[in-house]
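Listing of run-v3.cif; format and content: mmCIF, C-alpha atoms and all ligand atoms.
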```cif
data_upload
loop_
_atom_site.label_atom_id
_atom_site.label_comp_id
_atom_site.auth_asym_id
_atom_site.auth_seq_id
_atom_site.Cartn_x
_atom_site.Cartn_y
_atom_site.Cartn_z
CA MET A 95 -4.56 9.41 -20.85
CA ASN A 96 -4.61 6.80 -18.08
CA ILE A 97 -5.45 3.16 -18.79
CA ILE A 98 -5.94 0.05 -16.72
CA LEU A 99 -5.03 -3.40 -17.98
CA LEU A 100 -7.34 -6.05 -16.59
CA GLY A 101 -6.88 -9.76 -17.07
CA ALA A 102 -5.84 -12.89 -15.26
CA PRO A 103 -2.20 -13.28 -14.22
CA GLY A 104 -0.39 -14.62 -17.26
CA SER A 105 -2.93 -13.32 -19.80
CA GLY A 106 -0.33 -11.05 -21.40
CA LYS A 107 -0.80 -7.73 -19.62
CA GLY A 108 2.92 -6.99 -19.29
CA THR A 109 3.64 -7.72 -22.95
CA LEU A 110 0.75 -5.55 -24.12
CA ALA A 111 1.70 -2.75 -21.73
CA LYS A 112 5.22 -2.62 -23.17
CA LYS A 113 3.87 -2.20 -26.71
CA ILE A 114 1.50 0.57 -25.62
CA THR A 115 4.18 2.48 -23.72
CA LYS A 116 6.43 2.38 -26.77
CA ASP A 117 3.82 3.78 -29.16
CA PHE A 118 1.88 6.12 -26.92
CA GLY A 119 4.57 7.44 -24.56
CA LEU A 120 2.70 6.34 -21.45
CA VAL A 121 4.44 5.08 -18.31
CA GLN A 122 3.83 1.46 -17.29
CA ILE A 123 3.24 0.98 -13.60
CA SER A 124 3.18 -2.66 -12.60
CA THR A 125 2.58 -3.21 -8.90
CA GLY A 126 4.14 -6.67 -9.32
CA ASP A 127 7.33 -5.04 -10.68
CA LEU A 128 7.32 -2.44 -7.88
CA PHE A 129 7.09 -5.26 -5.34
CA ARG A 130 9.81 -7.33 -7.03
CA GLY A 131 12.06 -4.22 -7.01
CA GLU A 132 11.48 -3.85 -3.28
CA ILE A 133 12.27 -7.55 -2.76
CA ALA A 134 15.48 -7.27 -4.83
CA GLY A 135 16.53 -4.35 -2.60
CA GLY A 136 16.46 -6.73 0.37
CA SER A 137 14.36 -4.47 2.62
CA GLU A 138 12.14 -5.67 5.45
CA LEU A 139 9.16 -4.49 3.43
CA GLY A 140 10.45 -6.65 0.56
CA LEU A 141 10.44 -9.74 2.80
CA LYS A 142 6.87 -9.04 3.81
CA LEU A 143 5.77 -8.65 0.18
CA LYS A 144 7.58 -11.84 -0.82
CA SER A 145 5.73 -13.85 1.83
CA TYR A 146 2.41 -13.07 0.11
CA MET A 147 3.63 -13.32 -3.47
CA ASP A 148 5.35 -16.69 -3.07
CA LYS A 149 2.08 -18.15 -1.83
CA GLY A 150 0.12 -16.74 -4.77
CA GLN A 151 -1.83 -14.46 -2.41
CA LEU A 152 -2.57 -10.80 -2.93
CA VAL A 153 -0.58 -8.23 -0.99
CA PRO A 154 -3.03 -6.49 1.40
CA ASP A 155 -4.87 -3.51 -0.11
CA GLU A 156 -3.53 -0.93 2.32
CA LEU A 157 0.09 -1.78 1.59
CA THR A 158 -0.48 -2.04 -2.17
CA ILE A 159 -2.26 1.31 -2.33
CA LYS A 160 0.51 2.96 -0.26
CA ILE A 161 3.28 1.73 -2.57
CA LEU A 162 1.30 2.63 -5.70
CA SER A 163 0.49 6.10 -4.35
CA GLN A 164 4.20 6.79 -3.76
CA ARG A 165 5.10 5.75 -7.32
CA ILE A 166 2.38 7.87 -8.91
CA THR A 167 3.81 11.10 -7.44
CA LYS A 168 6.95 10.79 -9.63
CA PRO A 169 7.05 13.37 -12.46
CA ASP A 170 7.14 10.82 -15.31
CA CYS A 171 3.53 9.85 -14.51
CA LYS A 172 2.33 13.22 -15.85
CA LYS A 173 2.65 11.73 -19.36
CA GLY A 174 -0.15 9.28 -18.57
CA VAL A 175 -0.05 5.84 -17.03
CA ILE A 176 -0.83 2.24 -17.92
CA PHE A 177 -1.72 0.43 -14.74
CA ASP A 178 -0.60 -3.18 -15.12
CA GLY A 179 -1.83 -5.49 -12.36
CA PHE A 180 -3.50 -2.71 -10.40
CA PRO A 181 -6.27 -2.48 -9.28
CA ARG A 182 -6.90 -6.12 -8.36
CA THR A 183 -9.70 -5.61 -5.85
CA VAL A 184 -12.76 -3.35 -5.68
CA ALA A 185 -11.17 -1.58 -2.66
CA GLN A 186 -8.12 -0.75 -4.81
CA ALA A 187 -10.37 0.49 -7.65
CA GLU A 188 -12.22 2.73 -5.18
CA ALA A 189 -8.89 4.10 -3.92
CA LEU A 190 -7.72 4.69 -7.49
CA LYS A 191 -10.64 7.10 -8.02
CA ASN A 192 -8.79 9.56 -5.76
CA ILE A 193 -5.42 8.95 -7.44
CA ALA A 194 -6.04 9.17 -11.20
CA LYS A 195 -8.82 9.63 -13.76
CA ILE A 196 -9.14 6.39 -15.71
CA ASP A 197 -10.06 6.77 -19.37
CA SER A 198 -10.41 3.11 -20.18
CA ALA A 199 -9.98 -0.43 -18.87
CA VAL A 200 -8.61 -2.91 -21.40
CA LEU A 201 -9.62 -6.47 -20.52
CA ILE A 202 -7.35 -9.21 -21.87
CA ASP A 203 -9.21 -12.46 -22.29
CA LEU A 204 -7.50 -15.86 -22.34
CA PRO A 205 -8.80 -19.31 -21.31
CA PHE A 206 -7.30 -20.52 -18.03
CA GLU A 207 -5.84 -23.72 -19.62
CA GLU A 208 -3.87 -21.58 -22.06
CA ILE A 209 -2.72 -19.31 -19.23
CA GLU A 210 -1.37 -22.33 -17.36
CA ARG A 211 0.43 -23.58 -20.48
CA ARG A 212 2.03 -20.19 -21.11
CA ALA A 213 2.82 -19.37 -17.48
CA VAL A 214 4.94 -22.44 -16.83
CA ALA A 215 6.84 -21.65 -20.05
CA ARG A 216 7.48 -18.00 -19.14
CA ARG A 217 11.05 -16.86 -18.49
CA VAL A 218 12.20 -13.39 -17.51
CA CYS A 219 15.57 -11.72 -18.10
CA SER A 220 17.29 -11.13 -14.76
CA LYS A 221 18.92 -7.96 -16.12
CA CYS A 222 16.40 -6.08 -18.30
CA GLY A 223 13.08 -7.79 -17.48
CA GLU A 224 12.37 -8.83 -21.08
CA ILE A 225 9.81 -11.66 -21.21
CA TYR A 226 10.41 -14.91 -23.15
CA SER A 227 8.62 -18.21 -23.59
CA THR A 228 10.23 -21.62 -23.80
CA LEU A 229 7.42 -22.37 -26.31
CA ASP A 230 9.22 -20.27 -28.92
CA TYR A 231 12.66 -19.41 -27.47
CA ALA A 232 15.20 -22.08 -26.57
CA GLY A 233 17.99 -19.77 -25.33
CA LYS A 234 19.08 -19.58 -21.69
CA ASN A 235 20.12 -15.92 -21.99
CA CYS A 236 18.38 -12.73 -23.10
CA ALA A 237 18.68 -12.03 -26.83
CA LYS A 238 18.95 -8.28 -26.09
CA CYS A 239 21.30 -7.93 -23.11
CA HIS A 240 22.55 -11.53 -22.53
CA GLY A 241 21.19 -11.51 -18.96
CA GLU A 242 20.35 -14.92 -17.54
CA LEU A 243 16.72 -16.02 -17.95
CA PHE A 244 14.84 -17.33 -14.93
CA GLN A 245 11.40 -18.63 -13.99
CA ARG A 246 9.46 -16.55 -11.47
CA ASP A 247 8.53 -18.55 -8.36
CA ASP A 248 4.90 -17.59 -8.88
CA ASP A 249 4.94 -19.07 -12.41
CA LYS A 250 5.16 -22.61 -11.02
CA LEU A 251 1.99 -24.55 -11.91
CA GLU A 252 0.64 -24.93 -8.37
CA THR A 253 1.05 -21.21 -7.68
CA VAL A 254 -0.39 -20.27 -11.07
CA ARG A 255 -3.56 -22.23 -10.21
CA LEU A 256 -3.83 -20.49 -6.86
CA ARG A 257 -3.38 -17.09 -8.49
CA LEU A 258 -6.10 -17.88 -11.02
CA GLU A 259 -8.46 -18.77 -8.17
CA VAL A 260 -7.66 -15.49 -6.44
CA TYR A 261 -8.21 -13.63 -9.73
CA GLU A 262 -11.60 -15.23 -10.30
CA LYS A 263 -12.80 -14.47 -6.80
CA THR A 264 -11.29 -11.05 -6.14
CA THR A 265 -10.45 -9.32 -9.43
CA THR A 266 -13.24 -10.31 -11.87
CA PRO A 267 -15.74 -7.99 -10.07
CA LEU A 268 -13.69 -5.16 -11.59
CA ILE A 269 -15.06 -6.09 -15.02
CA ASP A 270 -18.43 -4.80 -13.79
CA PHE A 271 -16.80 -1.89 -11.96
CA TYR A 272 -15.36 -0.56 -15.24
CA SER A 273 -18.18 -1.72 -17.54
CA ASP A 274 -18.81 1.86 -18.75
CA ARG A 275 -15.30 2.11 -20.26
CA LEU A 276 -14.30 -1.48 -20.95
CA PHE A 277 -12.51 -2.65 -24.11
CA LYS A 278 -12.17 -6.42 -24.42
CA VAL A 279 -9.52 -8.18 -26.47
CA SER A 280 -8.48 -11.83 -26.82
CA SER A 281 -4.80 -12.71 -26.44
CA LEU A 282 -5.12 -16.17 -27.99
CA GLY A 283 -3.18 -14.99 -31.07
CA SER A 284 0.28 -13.45 -31.24
CA PRO A 285 1.22 -10.35 -29.18
CA GLU A 286 0.90 -8.32 -32.42
CA ASP A 287 -2.62 -9.69 -33.06
CA THR A 288 -3.59 -8.69 -29.53
CA TYR A 289 -2.08 -5.25 -29.81
CA LYS A 290 -3.63 -4.19 -33.15
CA PRO A 291 -7.26 -3.66 -32.02
CA VAL A 292 -6.06 -2.10 -28.76
CA LYS A 293 -3.89 0.37 -30.66
CA ASN A 294 -6.83 1.39 -32.87
CA PHE A 295 -9.04 1.75 -29.84
CA LEU A 296 -6.50 3.98 -28.05
CA LEU A 297 -5.99 6.11 -31.15
CA GLY A 298 -9.77 6.56 -31.21
CA LEU A 299 -9.67 7.65 -27.59
CA GLY A 300 -7.31 10.44 -28.57
CA GLY A 301 -4.04 8.80 -27.52
CA LYS A 302 -1.06 10.29 -29.34
CA LYS A 303 1.18 8.01 -31.35
P1 LIG A 401 2.09 -9.67 -11.21
O1 LIG A 401 3.50 -9.39 -11.58
O2 LIG A 401 1.15 -8.56 -11.57
O3 LIG A 401 1.61 -11.00 -11.73
O4 LIG A 401 2.03 -9.76 -9.61
C1 LIG A 401 2.78 -10.71 -8.88
C2 LIG A 401 2.24 -10.80 -7.45
O5 LIG A 401 2.37 -9.54 -6.80
C3 LIG A 401 0.76 -11.14 -7.33
O6 LIG A 401 0.51 -12.54 -7.39
C4 LIG A 401 0.43 -10.57 -5.96
O7 LIG A 401 0.93 -11.39 -4.92
C5 LIG A 401 1.25 -9.29 -5.97
N1 LIG A 401 0.49 -8.16 -6.53
C6 LIG A 401 0.75 -7.48 -7.68
N2 LIG A 401 -0.13 -6.49 -7.87
C7 LIG A 401 -0.97 -6.54 -6.81
C8 LIG A 401 -2.12 -5.79 -6.43
N3 LIG A 401 -2.60 -4.79 -7.19
N4 LIG A 401 -2.73 -6.11 -5.27
C9 LIG A 401 -2.27 -7.11 -4.47
N5 LIG A 401 -1.21 -7.87 -4.78
C10 LIG A 401 -0.57 -7.60 -5.94
#
```

Rewrite the structure of this file - the entire thing - as structure tokens.
Ligand code: AMP
Amino acid sequence: MNIILLGAPGSGKGTLAKKITKDFGLVQISTGDLFRGEIAGGSELGLKLKSYMDKGQLVPDELTIKILSQRITKPDCKKGVIFDGFPRTVAQAEALKNIAKIDSAVLIDLPFEEIERRAVARRVCSKCGEIYSTLDYAGKNCAKCHGELFQRDDDKLETVRLRLEVYEKTTTPLIDFYSDRLFKVSSLGSPEDTYKPVKNFLLGLGGKK
């Protein structure tokens, strides 16, 4: 089973993806994480990716598709994949047709004002990648591994607004693209509230728990 998570940046795709991978044994592929890994490695490619990401712009399709295509050849992907943050353009969705059969696209819906509120509060563990929010967690270190928490550059308000503009213009056409297999869920409630209907939907699709 291969699934796409659609939704604006900051709508909760990463959090939902982690819950699905745990229950259904799928592999989460986040292009954003792949890019951040490349940046952390200090390569020239990493520098190029960073120049787009820091400005809230999309990485060009050709480069994104190339990096995604390399990741998908790894053996763990045979279990099934949750695509988190990919595709983000119609060109990427067209390319994905030749890469994997997509069973469903889960669309996470959240008003932009709430996205802005949550995004500026988001903190990420520098060691294990666990996601926290200053809205409900006051610690400076990860509760699991004690790694230091930090704010992603692209979670600053100005960049968040730019990313939402890019999403509206470039990524929302994918809602039509996948209209024949779309499942919509609101993430206004808690992560558990968001996950419950998605879990039932995936079980109905034949996903194994
Ligand atoms: P994310 O972690 O998904 O919020 O992505 C962080 C940033 O990485 C985005 O703002 C883009 O600059 C870049 N990015 C991630 N996925 C893609 C994609 N599928 N296409 C183009 N750029 C992407």

Among the residues A:Arg217, A:Asn235, A:Arg211, A:Ile98, the one that comes closest to Leu276 (chain A) [using only C-alpha atoms]: A:Ile98

Top pick for closest residue to Asp170 (chain A), considering A:Gly119, A:Gly104, A:Gly241, A:Gly223 and counting all atoms listed in the file: A:Gly119

Ligand LIG 401 (chain A) neighbours within 9 Å using only C-alpha atoms and all ligand atoms, as a PyMOL selection string: chain A and resi 102-104+107-108+124-130+143-155+157-159+162+178-183+186+248-249+253-254+257+260

Minimum-distance residue to Lys278 (chain A), chosen among A:Ser198, A:Thr167, A:Thr115, A:Thr109 (using all atoms listed in the file):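 Once distances to Lys278 (chain A) are computed over all atoms listed in the file, the minimum belongs to A:Ser198.
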
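Between Ala134 (chain A) and the residues A:Ser220, A:Leu268, A:Ser280, A:Lys172, the shortest atom-to-atom distance, using all atoms listed in the file, involves A:Ser220.
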
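Between CA of Asn192 (chain A) and CA of Gly300 (chain A) the separation is 22.9 Å.
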
Two-atom distance - CA of Glu132 (chain A), CA of Lys168 (chain A) (Å): 16.6 Å

Test item: which residues lie within 8 Å of (-7.8, -0.9, -25.1) counting all atoms listed in the file, as a PyMOL selection string: chain A and resi 97+198-201+276-279+291-293+295-296

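For the pair CA of Ala187 (chain A) and CA of Phe271 (chain A), the interatomic distance is 8.1 Å.
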
For region 109-124 of chain A, where the input has fewer atoms than it should, I would like N, CA and C atoms rebuilt and written as a PDB file, in the coordinates of the input.
```pdb
ATOM      1  N   THR A 109       3.203  -7.801 -21.552  1.00  0.00           N
ATOM      2  CA  THR A 109       3.640  -7.720 -22.950  1.00  0.00           C
ATOM      3  C   THR A 109       2.876  -6.622 -23.686  1.00  0.00           C
ATOM      4  N   LEU A 110       1.571  -6.575 -23.468  1.00  0.00           N
ATOM      5  CA  LEU A 110       0.750  -5.550 -24.120  1.00  0.00           C
ATOM      6  C   LEU A 110       1.131  -4.157 -23.617  1.00  0.00           C
ATOM      7  N   ALA A 111       1.356  -4.052 -22.320  1.00  0.00           N
ATOM      8  CA  ALA A 111       1.700  -2.750 -21.730  1.00  0.00           C
ATOM      9  C   ALA A 111       2.974  -2.200 -22.363  1.00  0.00           C
ATOM     10  N   LYS A 112       3.946  -3.083 -22.604  1.00  0.00           N
ATOM     11  CA  LYS A 112       5.220  -2.620 -23.170  1.00  0.00           C
ATOM     12  C   LYS A 112       5.006  -2.057 -24.575  1.00  0.00           C
ATOM     13  N   LYS A 113       4.143  -2.688 -25.358  1.00  0.00           N
ATOM     14  CA  LYS A 113       3.870  -2.200 -26.710  1.00  0.00           C
ATOM     15  C   LYS A 113       3.167  -0.840 -26.654  1.00  0.00           C
ATOM     16  N   ILE A 114       2.229  -0.697 -25.726  1.00  0.00           N
ATOM     17  CA  ILE A 114       1.500   0.570 -25.620  1.00  0.00           C
ATOM     18  C   ILE A 114       2.433   1.700 -25.179  1.00  0.00           C
ATOM     19  N   THR A 115       3.286   1.414 -24.203  1.00  0.00           N
ATOM     20  CA  THR A 115       4.180   2.480 -23.720  1.00  0.00           C
ATOM     21  C   THR A 115       5.080   2.968 -24.848  1.00  0.00           C
ATOM     22  N   LYS A 116       5.520   2.029 -25.676  1.00  0.00           N
ATOM     23  CA  LYS A 116       6.430   2.380 -26.770  1.00  0.00           C
ATOM     24  C   LYS A 116       5.745   3.313 -27.770  1.00  0.00           C
ATOM     25  N   ASP A 117       4.520   2.999 -28.138  1.00  0.00           N
ATOM     26  CA  ASP A 117       3.820   3.780 -29.160  1.00  0.00           C
ATOM     27  C   ASP A 117       3.167   5.045 -28.630  1.00  0.00           C
ATOM     28  N   PHE A 118       2.692   5.006 -27.403  1.00  0.00           N
ATOM     29  CA  PHE A 118       1.880   6.120 -26.920  1.00  0.00           C
ATOM     30  C   PHE A 118       2.575   6.983 -25.865  1.00  0.00           C
ATOM     31  N   GLY A 119       3.805   6.617 -25.512  1.00  0.00           N
ATOM     32  CA  GLY A 119       4.570   7.440 -24.560  1.00  0.00           C
ATOM     33  C   GLY A 119       4.006   7.438 -23.154  1.00  0.00           C
ATOM     34  N   LEU A 120       3.220   6.409 -22.820  1.00  0.00           N
ATOM     35  CA  LEU A 120       2.700   6.340 -21.450  1.00  0.00           C
ATOM     36  C   LEU A 120       3.703   5.613 -20.557  1.00  0.00           C
ATOM     37  N   VAL A 121       3.555   5.763 -19.265  1.00  0.00           N
ATOM     38  CA  VAL A 121       4.440   5.080 -18.310  1.00  0.00           C
ATOM     39  C   VAL A 121       3.721   3.834 -17.790  1.00  0.00           C
ATOM     40  N   GLN A 122       4.423   2.705 -17.815  1.00  0.00           N
ATOM     41  CA  GLN A 122       3.830   1.460 -17.290  1.00  0.00           C
ATOM     42  C   GLN A 122       4.094   1.364 -15.799  1.00  0.00           C
ATOM     43  N   ILE A 123       3.038   1.241 -15.036  1.00  0.00           N
ATOM     44  CA  ILE A 123       3.240   0.980 -13.600  1.00  0.00           C
ATOM     45  C   ILE A 123       2.676  -0.389 -13.276  1.00  0.00           C
ATOM     46  N   SER A 124       3.581  -1.310 -12.980  1.00  0.00           N
ATOM     47  CA  SER A 124       3.180  -2.660 -12.600  1.00  0.00           C
ATOM     48  C   SER A 124       3.436  -2.810 -11.117  1.00  0.00           C
TER      49      SER A 124
END
```
